[in-house]
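Notes to accompany the following structure.
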Amino acid sequence: MAPYRARAGAGSRATARGAASRRRRRLLALLLAPWTIGVVVFFGYPLVSIIYLSFTHYDLLSAPRWIGAANYAYMFRGDQQLGQAVRNTLWVLCILVPCQVLFSFGIGLLLSRARRGVGLLRTVFYLPSLTPLVAAAMGFLYVFNPGTGPLNRILGAVGVDGPPWYTSPGWAKPSLTVLAVWGSGNLIVIFLAALLQVPRDLYEAADLDGAGPLARLRHVTLPVISPVVLFAIVTTVIDGLQYFDQAYVVSSLGNGGAKLDDGVLGYPEGSTLFYPLWLYQQGFRYFNMGYASALAVVMLLVALGISSAILLRSRSFVHQTGGTGR
Amino acid sequence: MTAVTVTAPRRRSRRLLAVVAEHAVLIALGAMFLVPLVFVVATALMSDQQALTGALIPHPVRWRNFADVFAQAPILRYLLNTVLYAGLATVGMLLSSYPAAYAMARIRWRGSVPALIVVLAMMMVPQQVLAVPLYVMWAKLHLVATLVPLVAPFFFGNAFSVFLLRQFLLTIPDDYADAARVDGCGEFRVMVSIVGRMAKPAIAAACLFNFLSCWNSLFNPLLYVGGNPTWWTISIGLTQFKSLHAVNWNLTMAATVVFTLPIIVLFFFAQRAFVEGANLTGIKG
């Protein structure tokens with residue numbers, strides 16, 4: 001910087017360069033201005049705000065009242081339903097998300113090896129992920145309806161007594177997992193694209209070394225596509241953490257058509273009361289904004305913990321996104 | 001030597017068997033993926049009695065269900081609201097996110113890596129975390145129960161779109177832009193007409209994804225316009241439709257089809273943009 005400035009008065013070329021860099025900086029500011037405002041107003045401000053609000057009692061009508069750590073104390077001791085919400089969300093993270101990832105990876109792997117009809121099959125697997133979550137959940141509520149739904153009729157016709165699916169506490173989460181796996185076509189497309197980019201000669205080399213299919217997967221395929229897999233896992237886990245729409249539809253409509261804003265979410269028997277639904281219930285039905293903020297702070301910490309735990313394990317990730325990757 | 005020549009045909013036939021088995025698995029699973037869609041569409045064409053019988057083929061085919069859906073609920077209004085919301089949000093997203101992505105991918109400055117980290121962090125934070133203060137903010141501005149809280153944030157950049165566009169902009173070679181600069185083209189024009197033209201697939205994908213995610217979203221519409229039926233989007237309208245017509249599965253499924261069909265049609269018209277976009281979000285390794 002300094003040498004340029006020193007020469008600035010001397011040559012017209014240097015002045016031109018100074019003007020150009022000024023113009024460049026102005027352009028940069030112009031391009032980034034809306035985004036920067038967005039970061040401050042819609043990201044920075046609410047982040048700081050939930051931390052403050054989490055130490056207050058706030059119902060939107062009167063000003064927030066400082067109550068210290070009482071909200072957190074209530075979270076860890078008093079809140080009876082929070083435990084259930086946490087367990088349900090853990091279920092999503094430990095069972096639903098792995099099911100989605102493993103299934104999508106398996107289908108992607110099969111599609112990458114298929115010789116014919118890849119385009120058509122890819123469309124077939126992708127299509128369900130396009131159906132709006134609310135529509136998909138409605139469709140599944142009908143198809144999996146234990147009394148009159150087509151699925152249990154078919155199961156009955158072949159002599160299987162169909163389970164009660166979305167209407168029983170034990171079956172509700174597995175049924176939601178079926179819905180989630182059905183709708184994970186974008187993961188399949190992502191995995192497929194990555195798998196098709198693995199250089200062929202790597203496989204040939206592995207074959208020459210006498211590697212079996214599993215060794216090939218572990219030592220050739222996975223290392224090459226690991227950035228893609230990592231990113232997909234992180235986003236899927238974060239989606240799992242904020243799992244809301246499907247559960248909302250199932251729990252507010254599964255019980256034979258309750259009104260939109262009726263009662264406590266989580267039908268049947270709180271089995272679909274996931275953490276975000278509890279946050280929603282506390283914040284926007286009971287208007288316990290302070291307590292909902294405390295729930296949000298914990299959720300934020302968990303989200304940050306999970307994503308940094310996954311991302312930091314692979315330091316190459318940032319370099320890959322930095323554009324120096326292939 | 002002889003051992004190899006003996007086993008070769010056997011190995012080939014085993015490999016053929018594996019290929020056939022893999023295709024069979026794919027086709028079976030693909031069929032299972034389509035079955036729910038088929039059931040939904042079939043039921044949408046049945047009478048309400050037949051919908052309860054678990055029959056597969058509608059008899060007689062009742063196209064009137066769709067007319068009934070529009071007659072019994074202001075579906076058209078919901079559709080218009082949703083188009084307005086998703087359309088405006090997408091325009092706003094493009095106006096704010098493309099320049100930001102351009103600045104991060106194609107202009108050298110010290111902040112480009114920190115900016116990327118901010119973008120990634122914004123993608124990682126669940127939407128419910130920020131919901132309370134934002135709701136309070138819009139409530140204080142007396143804008144809850146309008147579309148403003150849903151649309152306005154998109155005019156200030158959307159992290160996912162910035163990321164997607166940035167990933168693509170990095171892959172565009174500098175030659176054309178440099179040539180244009182030598183010809184005296186300003187950086188702004190380079191961004192809009194030179195690089196912008198080459199980034200068309202990514203821009204199309206970003207717009208599509210943005211439109212879709214608005215079209216499908218439930219959480220934010222529920223928060224901001226859930227209490228005001230004039231601005232209900234189709235996703236809220238659909239959940240409410242089911243509660244009004246609890247037993248009429250045929251009408252509920254017809255409404256579901258009305259909700260989904262535009263997206264499926266859009267997909268078949270813009271299939272390439274979809275696939276391109278999905279690949280971009282996966283970060284090329």
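Residues are referred to by chain and number: the chain letter is A, B, ... according to the order shown in the structure tokens, the number counts from 1 in that chain, and ligands are numbered separately from 1 in the order shown.
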List as a tab-separated table (two decimals) with C-alpha atoms, in the first residue's frame the protein and nucleic acid residues near region 72-74 of chain B, meaning an atom at most 10 Å away when only C-alpha atoms are counted, but skip any in the same chain fewer than 2 places from it.
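Produced file out00.tsv, reproduced below:
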chain	number	residue	atom	x	y	z
B	66	PHE	CA	-60.89	-30.23	-8.43
B	67	ALA	CA	-63.75	-27.83	-9.09
B	68	ASP	CA	-65.09	-28.67	-5.61
B	69	VAL	CA	-61.73	-27.91	-4.04
B	70	PHE	CA	-61.68	-24.47	-5.58
B	76	LEU	CA	-56.99	-19.57	-5.75
B	77	ARG	CA	-56.33	-16.86	-3.19
B	78	TYR	CA	-53.81	-19.11	-1.41
B	79	LEU	CA	-52.10	-19.87	-4.71
B	229	PRO	CA	-56.43	-15.95	6.45
B	230	THR	CA	-56.25	-13.18	3.81
B	232	TRP	CA	-52.49	-17.61	3.99
B	234	ILE	CA	-51.05	-22.72	0.13
B	237	GLY	CA	-54.38	-23.42	3.51
B	238	LEU	CA	-53.81	-27.11	2.92
B	240	GLN	CA	-56.52	-26.04	7.31
B	241	PHE	CA	-58.36	-27.65	4.41
B	244	LEU	CA	-62.37	-28.54	7.53
B	245	HIS	CA	-62.91	-31.67	5.46
B	251	LEU	CA	-60.99	-33.62	-1.78
B	255	ALA	CA	-56.07	-30.15	-2.91
- Query: Using only C-alpha atoms, which residue out of A:Ser21, A:Asn88, A:Thr15, A:Asn71 lies closest to Ala292 (chain A)?
  - Reply: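 For Ala292 (chain A), the nearest of the candidates is A:Asn71.
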- Item | alpha helix (DSSP H) positions in region 62-297 of chain A, given as an MDAnalysis selection string | chainID A and resid 70:73 80:91 97:113 118:130 133:143 150:157 169:182 185:196 200:208 213:216 222:241 245:253 275:284 289:297
- Task: Between CA of Met138 (chain A) and CA of Trp165 (chain A), measure the distance and give it in Å to one decimal.
- Result: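 It comes out at 13.5 Å.
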- Message: Report, in Å to a single decimal, how far apart CA of Tyr267 (chain A) and CA of Leu212 (chain B) are.
- Response: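 Pair CA of Leu212 (chain B) / CA of Tyr267 (chain A) returns 28.1 Å.
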